[in-house]
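What follows is one structure encoded as structure tokens, with my remarks underneath.
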Amino acid sequence: MKINSYFEDQVQIVDIDSVRLDAGNAPEFKDGILQFINGEDIIIDFRNLEFIDSSGLSALVYLHKQAQNNNIRLKLVNLSPRIMDILKTTGLVQILQIYPDVESAKKDI
Amino acid sequence: MKINSYFEDQVQIVDIDSVRLDAGNAPEFKDGILQFINGEDIIIDFRNLEFIDSSGLSALVYLHKQAQNNNIRLKLVNLSPRIMDILKTTGLVQILQIYPDVESAKKDI
Amino acid sequence: MPEKPVILEIVIPGDIKLLSLLGDLVEIFIQKTLNNGSNIEDLAFQMNLALTEASSNAILHGCKNNPDRSVKIRLELQNDSLTLEVSDNGSGFNLKDINAPEPYQEKGRGLYIIKQLMDSVEYKISDKESKFVMHKKIAPKAKAS
Amino acid sequence: MPEKPVILEIVIPGDIKLLSLLGDLVEIFIQKTLNNGSNIEDLAFQMNLALTEASSNAILHGCKNNPDRSVKIRLELQNDSLTLEVSDNGSGFNLKDINAPEPYQEKGRGLYIIKQLMDSVEYKISDKESKFVMHKKIAPKAKAS
Ligand SMILES: Nc1ncnc2c1ncn2[C@@H]1O[C@H](COP(=O)(O)OP(=O)(O)O)[C@@H](O)[C@H]1O
Ligand SMILES: Nc1ncnc2c1ncn2[C@@H]1O[C@H](COP(=O)(O)OP(=O)(O)O)[C@@H](O)[C@H]1O
């Protein structure tokens, strides 16, 4: 999994190249994102992601809680309709911060 | 399988959309091409083809012989390196008329 | 749909790095076997997810992620239904009521997701193996119009 | 490569329309299981072709293209070799010397192609089934440098 971080208009954006986030690579994803959770809000761009399982969801919940503990916001963008379905089924849309795209996530400060 | 025929500089060109030519669709291919074997030379453009089996090869041999009987030429173009390998292994490069692309097939009258 | 059932079986070592193979293969297999009908893509995706959940449980809980053990999956496609089976040689567990997990919970969403995707699930434990069986009805093939 | 073998089994009705499923699945399976090493793509393609040849024989000659019969394929991936098996319930045939076909011949290239692609082939007939078995050595996984 390649995790790539860059700044756009002073906002930290992280994108991952994986098409699948499952029990096989969720630990790597979790550790990879964790290092960016320090001073500033983060946007994770999931435009490449086509599949997520419950281990991937667990990683998102964990990272969301870590961000809260650090008083920053973790914003998830470009989630596919199928992944949105899974987030709805599991009730995670209620707690995670989800935006349609990078632009709308940047605007909401 | 879609078999599409058109004329370019008065030369008849036929292309097929299949990525596979095997025992499952070789009869359809054979019958589809047969109807174009009448008065004029034909170029078959295989740029979409990624796989051929012995039934596909048999169809090519049959069509080649039909063309010979009708005193026309059946030219095969845009064969992938892997398909060329199979034609070499089976000795069919010796009898079939193979060209790298449509242009070179058109030039060789 | 063909007259006889279509069956796919895969046996892999209990290694979580092989997990993605199983789900993706099942998705492709369903797409290619039932290659007409517009909702096949969704069905194939859902079965990928259900199988991935059951298989990661079999690998992580059943085999303790030990590649010297193995996990077997089996998909049987009938005319109007499909069955997914995931077996391991672990000691099994007690399949009780599967309830919706709390959003802030960090574990325990796998079986719940499976339950949402399938029509019924059962768990069979014998001396030889623990087998998780999942059923789904599928819409009969649409007639070409 | 994992410690235990990786096994793929598929059972389909004897219907030539399902032929492409088998070869493509085997190709994808090999690619995903041995997902490093540059010559994997070629190996996977060659096994697609060998399996397609043996399966079309099993469907057309073994099952007479009758979907009420079935064909079983099995791929076993070991550390340094792979075995492909194709079984049908037909009456079988006599595997003799496999010779290069004449270019103008319209049939009989399947077994010859298989022989070129594999290291060895055998044919086993029992009361229950006819089984065509193909072996291939594979280069051990290249160590990451
Ligand atoms: N194949 C299995 N072997 C042993 N225990 C299992 C198996 N599948 C599920 N379980 C048990 O069921 C529990 C719930 O599974 P699940 O809902 O998938 O959540 P999670 O795997 O995140 O804990 C697991 O924690 C485990 O104790
Ligand atoms: N599974 C099988 N069952 C019965 N006969 C078979 C089987 N496989 C191969 N054969 C016999 O071997 C012959 C040669 O096969 P092959 O080289 O693939 O060429 P083709 O299928 O074009 O005849 C077939 O014509 C058939 O008689």
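Here, A, B, ... name the chains of the structure tokens in the order displayed, residue numbers run from 1 inside each chain, and ligands are numbered from 1 in the same displayed order.
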Exercise for the section: Enumerate as a ChimeraX atom specification the residues within 9 Å of ligand 1, counting only C-alpha atoms and all ligand atoms. Expected result: /A:54-55,58 /C:53-64,86-95,98,101,106-114,130-132
Contacts between ligand 2 and chain B, please, where a residue of chain B counts if it comes within 12 Å (with only C-alpha atoms and all ligand atoms); show its shortest atom pair and distance in Å to one decimal, rows by chain and ascending number, as a Markdown table.
| residue | atom | partner | partner_atom_place_in_ligand_line | distance |
| --- | --- | --- | --- | --- |
| B:Asp22 | CA | ligand 2 | 22 (O) | 11.5 |
| B:Ala23 | CA | ligand 2 | 21 (O) | 9.4 |
| B:Asp53 | CA | ligand 2 | 18 (O) | 9.9 |
| B:Ser54 | CA | ligand 2 | 22 (O) | 6.7 |
| B:Ser55 | CA | ligand 2 | 22 (O) | 6.7 |
| B:Gly56 | CA | ligand 2 | 22 (O) | 10.2 |
| B:Leu57 | CA | ligand 2 | 22 (O) | 9.8 |
| B:Ser58 | CA | ligand 2 | 22 (O) | 7.9 |
| B:Ala59 | CA | ligand 2 | 22 (O) | 10.9 |
| B:Thr90 | CA | ligand 2 | 17 (O) | 11.7 |
Problem - Those of chain D in DSSP strand (DSSP E), formatted as a PyMOL selection string - result: chain D and resi 6-13+70-77+81-88+120-125+130-137
Between chain D and chain C, at 9 Å or less, what are the per-residue closest atom pairs and their distances in Å? Count only C-alpha atoms, order by chain and rising residue number, and return it as CSV.
residue,atom,partner,partner_atom,distance
D:Pro2,CA,C:Pro13,CA,6.6
D:Glu3,CA,C:Pro67,CA,6.0
D:Lys4,CA,C:Pro13,CA,5.5
D:Pro5,CA,C:Ile12,CA,6.9
D:Val6,CA,C:Ile12,CA,4.8
D:Ile7,CA,C:Val11,CA,4.9
D:Leu8,CA,C:Ile10,CA,4.5
D:Glu9,CA,C:Glu9,CA,4.8
D:Ile10,CA,C:Leu8,CA,4.5
D:Val11,CA,C:Ile7,CA,4.8
D:Ile12,CA,C:Val6,CA,4.8
D:Pro13,CA,C:Lys4,CA,5.5
D:Gly14,CA,C:Lys4,CA,8.8
D:Asp15,CA,C:Pro2,CA,7.8
D:Leu18,CA,C:Thr33,CA,7.3
D:Ser20,CA,C:Lys32,CA,8.8
D:Leu21,CA,C:Lys32,CA,6.3
D:Leu25,CA,C:Phe29,CA,7.2
D:Ile28,CA,C:Leu25,CA,7.9
D:Phe29,CA,C:Leu25,CA,7.2
D:Lys32,CA,C:Leu21,CA,6.3
D:Thr33,CA,C:Leu21,CA,7.1
D:Pro67,CA,C:Glu3,CA,6.0
D:Asp68,CA,C:Lys4,CA,6.1
D:Arg69,CA,C:Lys4,CA,7.7
D:Ser70,CA,C:Lys4,CA,7.6
I need the chosen residues saved as a PDB file, in the first residue's frame, with N, CA and C atoms.
ATOM      1  N   PRO D   2       3.236 -19.685  -0.068  1.00  0.00           N
ATOM      2  CA  PRO D   2       2.796 -20.153   1.237  1.00  0.00           C
ATOM      3  C   PRO D   2       3.327 -21.551   1.529  1.00  0.00           C
ATOM      4  N   GLU D   3       3.271 -21.937   2.790  1.00  0.00           N
ATOM      5  CA  GLU D   3       3.819 -23.204   3.247  1.00  0.00           C
ATOM      6  C   GLU D   3       3.015 -24.400   2.732  1.00  0.00           C
ATOM      7  N   LYS D   4       1.700 -24.305   2.800  1.00  0.00           N
ATOM      8  CA  LYS D   4       0.850 -25.405   2.337  1.00  0.00           C
ATOM      9  C   LYS D   4       0.456 -25.152   0.884  1.00  0.00           C
ATOM     10  N   PRO D   5       0.066 -26.202   0.173  1.00  0.00           N
ATOM     11  CA  PRO D   5      -0.343 -25.941  -1.211  1.00  0.00           C
ATOM     12  C   PRO D   5      -1.603 -25.089  -1.271  1.00  0.00           C
ATOM     13  N   VAL D   6      -1.768 -24.438  -2.383  1.00  0.00           N
ATOM     14  CA  VAL D   6      -2.969 -23.656  -2.652  1.00  0.00           C
ATOM     15  C   VAL D   6      -3.732 -24.423  -3.721  1.00  0.00           C
ATOM     16  N   ILE D   7      -5.014 -24.631  -3.493  1.00  0.00           N
ATOM     17  CA  ILE D   7      -5.785 -25.496  -4.386  1.00  0.00           C
ATOM     18  C   ILE D   7      -7.021 -24.775  -4.908  1.00  0.00           C
ATOM     19  N   LEU D   8      -7.251 -24.888  -6.186  1.00  0.00           N
ATOM     20  CA  LEU D   8      -8.457 -24.325  -6.790  1.00  0.00           C
ATOM     21  C   LEU D   8      -9.191 -25.454  -7.484  1.00  0.00           C
ATOM     22  N   GLU D   9     -10.469 -25.595  -7.199  1.00  0.00           N
ATOM     23  CA  GLU D   9     -11.283 -26.619  -7.866  1.00  0.00           C
ATOM     24  C   GLU D   9     -12.535 -25.976  -8.423  1.00  0.00           C
ATOM     25  N   ILE D  10     -12.875 -26.318  -9.626  1.00  0.00           N
ATOM     26  CA  ILE D  10     -14.107 -25.796 -10.214  1.00  0.00           C
ATOM     27  C   ILE D  10     -14.855 -26.939 -10.869  1.00  0.00           C
ATOM     28  N   VAL D  11     -16.157 -27.015 -10.612  1.00  0.00           N
ATOM     29  CA  VAL D  11     -17.000 -28.006 -11.274  1.00  0.00           C
ATOM     30  C   VAL D  11     -18.034 -27.241 -12.095  1.00  0.00           C
ATOM     31  N   ILE D  12     -18.124 -27.569 -13.367  1.00  0.00           N
ATOM     32  CA  ILE D  12     -19.114 -26.905 -14.227  1.00  0.00           C
ATOM     33  C   ILE D  12     -19.871 -27.953 -15.037  1.00  0.00           C
ATOM     34  N   PRO D  13     -21.087 -27.598 -15.464  1.00  0.00           N
ATOM     35  CA  PRO D  13     -21.795 -28.479 -16.391  1.00  0.00           C
ATOM     36  C   PRO D  13     -21.023 -28.567 -17.711  1.00  0.00           C
ATOM     37  N   GLY D  14     -21.196 -29.660 -18.417  1.00  0.00           N
ATOM     38  CA  GLY D  14     -20.487 -29.864 -19.677  1.00  0.00           C
ATOM     39  C   GLY D  14     -21.058 -29.013 -20.799  1.00  0.00           C
ATOM     40  N   ASP D  15     -20.849 -27.734 -20.699  1.00  0.00           N
ATOM     41  CA  ASP D  15     -21.438 -26.769 -21.631  1.00  0.00           C
ATOM     42  C   ASP D  15     -20.315 -25.874 -22.154  1.00  0.00           C
ATOM     43  N   LEU D  18     -19.336 -22.332 -21.089  1.00  0.00           N
ATOM     44  CA  LEU D  18     -18.648 -22.016 -19.830  1.00  0.00           C
ATOM     45  C   LEU D  18     -17.127 -22.179 -19.918  1.00  0.00           C
ATOM     46  N   SER D  20     -14.655 -20.484 -21.281  1.00  0.00           N
ATOM     47  CA  SER D  20     -13.748 -19.357 -21.047  1.00  0.00           C
ATOM     48  C   SER D  20     -13.602 -19.042 -19.559  1.00  0.00           C
ATOM     49  N   LEU D  21     -14.641 -19.323 -18.787  1.00  0.00           N
ATOM     50  CA  LEU D  21     -14.602 -19.143 -17.337  1.00  0.00           C
ATOM     51  C   LEU D  21     -13.411 -19.869 -16.712  1.00  0.00           C
ATOM     52  N   LEU D  25     -10.246 -17.994 -14.991  1.00  0.00           N
ATOM     53  CA  LEU D  25     -10.151 -18.090 -13.527  1.00  0.00           C
ATOM     54  C   LEU D  25      -8.777 -18.613 -13.107  1.00  0.00           C
ATOM     55  N   ILE D  28      -6.173 -15.847 -13.544  1.00  0.00           N
ATOM     56  CA  ILE D  28      -6.256 -14.846 -12.474  1.00  0.00           C
ATOM     57  C   ILE D  28      -5.767 -15.424 -11.153  1.00  0.00           C
ATOM     58  N   PHE D  29      -6.150 -16.663 -10.885  1.00  0.00           N
ATOM     59  CA  PHE D  29      -5.763 -17.313  -9.631  1.00  0.00           C
ATOM     60  C   PHE D  29      -4.241 -17.407  -9.512  1.00  0.00           C
ATOM     61  N   LYS D  32      -2.704 -13.925  -8.945  1.00  0.00           N
ATOM     62  CA  LYS D  32      -2.920 -13.367  -7.615  1.00  0.00           C
ATOM     63  C   LYS D  32      -2.180 -14.156  -6.537  1.00  0.00           C
ATOM     64  N   THR D  33      -2.022 -15.452  -6.725  1.00  0.00           N
ATOM     65  CA  THR D  33      -1.368 -16.256  -5.696  1.00  0.00           C
ATOM     66  C   THR D  33       0.139 -16.065  -5.723  1.00  0.00           C
ATOM     67  N   PRO D  67     -24.947 -30.503 -20.917  1.00  0.00           N
ATOM     68  CA  PRO D  67     -24.889 -29.802 -19.630  1.00  0.00           C
ATOM     69  C   PRO D  67     -25.392 -30.631 -18.454  1.00  0.00           C
ATOM     70  N   ASP D  68     -25.946 -31.812 -18.703  1.00  0.00           N
ATOM     71  CA  ASP D  68     -26.321 -32.674 -17.588  1.00  0.00           C
ATOM     72  C   ASP D  68     -25.144 -33.518 -17.097  1.00  0.00           C
ATOM     73  N   ARG D  69     -24.040 -33.473 -17.815  1.00  0.00           N
ATOM     74  CA  ARG D  69     -22.803 -34.062 -17.318  1.00  0.00           C
ATOM     75  C   ARG D  69     -21.954 -32.946 -16.713  1.00  0.00           C
ATOM     76  N   SER D  70     -20.879 -33.318 -16.046  1.00  0.00           N
ATOM     77  CA  SER D  70     -20.028 -32.229 -15.553  1.00  0.00           C
ATOM     78  C   SER D  70     -18.550 -32.497 -15.722  1.00  0.00           C
TER      79      SER D  70
END
Exercise for the section: Excluding Met1 (chain B) and residues on its chain fewer than 2 positions from it, collect all residues at most 8 Å away from it, counting only C-alpha atoms, and give them as a PyMOL selection string. Expected result: chain B and resi 3+16-18+25+28-29
Got time to write the residues from that selection, N, CA, C and O atoms, as a short mmCIF file (atom, residue, chain, number, x, y, z; two decimals), in the first residue's frame?
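Output saved as part.cif:
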data_model
loop_
_atom_site.label_atom_id
_atom_site.label_comp_id
_atom_site.auth_asym_id
_atom_site.auth_seq_id
_atom_site.Cartn_x
_atom_site.Cartn_y
_atom_site.Cartn_z
N ILE B 3 -18.83 -8.67 -35.08
CA ILE B 3 -17.95 -8.66 -36.24
C ILE B 3 -18.33 -7.46 -37.08
O ILE B 3 -19.48 -7.31 -37.49
N ILE B 16 -13.00 -7.80 -34.99
CA ILE B 16 -13.83 -8.49 -34.00
C ILE B 16 -13.51 -7.93 -32.62
O ILE B 16 -12.38 -7.53 -32.35
N ASP B 17 -14.53 -7.90 -31.77
CA ASP B 17 -14.34 -7.29 -30.45
C ASP B 17 -13.87 -8.29 -29.39
O ASP B 17 -13.47 -7.88 -28.31
N SER B 18 -13.90 -9.59 -29.69
CA SER B 18 -13.59 -10.60 -28.67
C SER B 18 -12.15 -10.50 -28.19
O SER B 18 -11.24 -10.29 -28.98
N ASN B 25 -16.48 -19.92 -28.79
CA ASN B 25 -16.99 -18.97 -29.78
C ASN B 25 -16.35 -19.09 -31.16
O ASN B 25 -16.69 -18.34 -32.08
N GLU B 28 -18.89 -19.47 -34.08
CA GLU B 28 -19.53 -18.19 -34.40
C GLU B 28 -18.59 -17.31 -35.22
O GLU B 28 -18.99 -16.66 -36.20
N PHE B 29 -17.31 -17.31 -34.83
CA PHE B 29 -16.31 -16.53 -35.56
C PHE B 29 -16.18 -17.04 -36.99
O PHE B 29 -16.19 -16.27 -37.95
#
Practice task
Could you check which of D:Ile16, D:Leu34, D:Leu43, D:Met118 is closest to Arg82 (chain B), using only C-alpha atoms?
Solution key: D:Leu43
Practice task
For His64 (chain B), please output as a ChimeraX atom specification all residues within 8 Å (counting only C-alpha atoms; exclusion window: fewer than 5 positions along the same chain).
Solution key: /B:73-74,96
Keeping C-alpha atoms, export the residues of the selection given above as a PDB file, in the first residue's frame.
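Printed below is again08.pdb as written:
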ATOM      1  CA  ARG B  73      -6.319 -13.539 -49.741  1.00  0.00           C
ATOM      2  CA  LEU B  74      -7.137 -13.551 -46.055  1.00  0.00           C
ATOM      3  CA  LEU B  96      -1.227 -17.999 -42.780  1.00  0.00           C
TER       4      LEU B  96
END
Exercise for the section: Find the residues near Ser81 (chain C): any atom within 7 Å, counting only C-alpha atoms, skip ones fewer than 4 places away on the same chain, and give them as a PyMOL selection string. Expected result: chain C and resi 77+136-138
Problem - Atom pair CA of Val121 (chain C) / CA of His135 (chain C): separation (Å) - result: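 Interatomic distance here is 6.3 Å.
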Handout entry: CA of Gly39 (chain A) to CA of Gly91 (chain A), distance in Å rounded to a single decimal
Key = 28.1 Å
Problem - Filtered DSSP result for chain C, state helix (DSSP H, G or I), as a ChimeraX atom specification - result: /C:16-33,40-62,110-117
Handout entry: Point-to-point distance from CA of Asp41 (chain A) to CA of Asp101 (chain A), Å rounded to tenths
Key = 15.3 Å
Problem - Glu50 (chain A) surroundings by only C-alpha atoms, 10 Å radius, close-in-sequence under 5 positions cut, as a PyMOL selection string - result: (chain A and resi 18-21+79-83) or (chain C and resi 45)
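Nearest residue to Met134 (chain C) among C:Glu85, C:Asp42, C:Asp97, C:Glu27 is C:Glu85, counting only C-alpha atoms.
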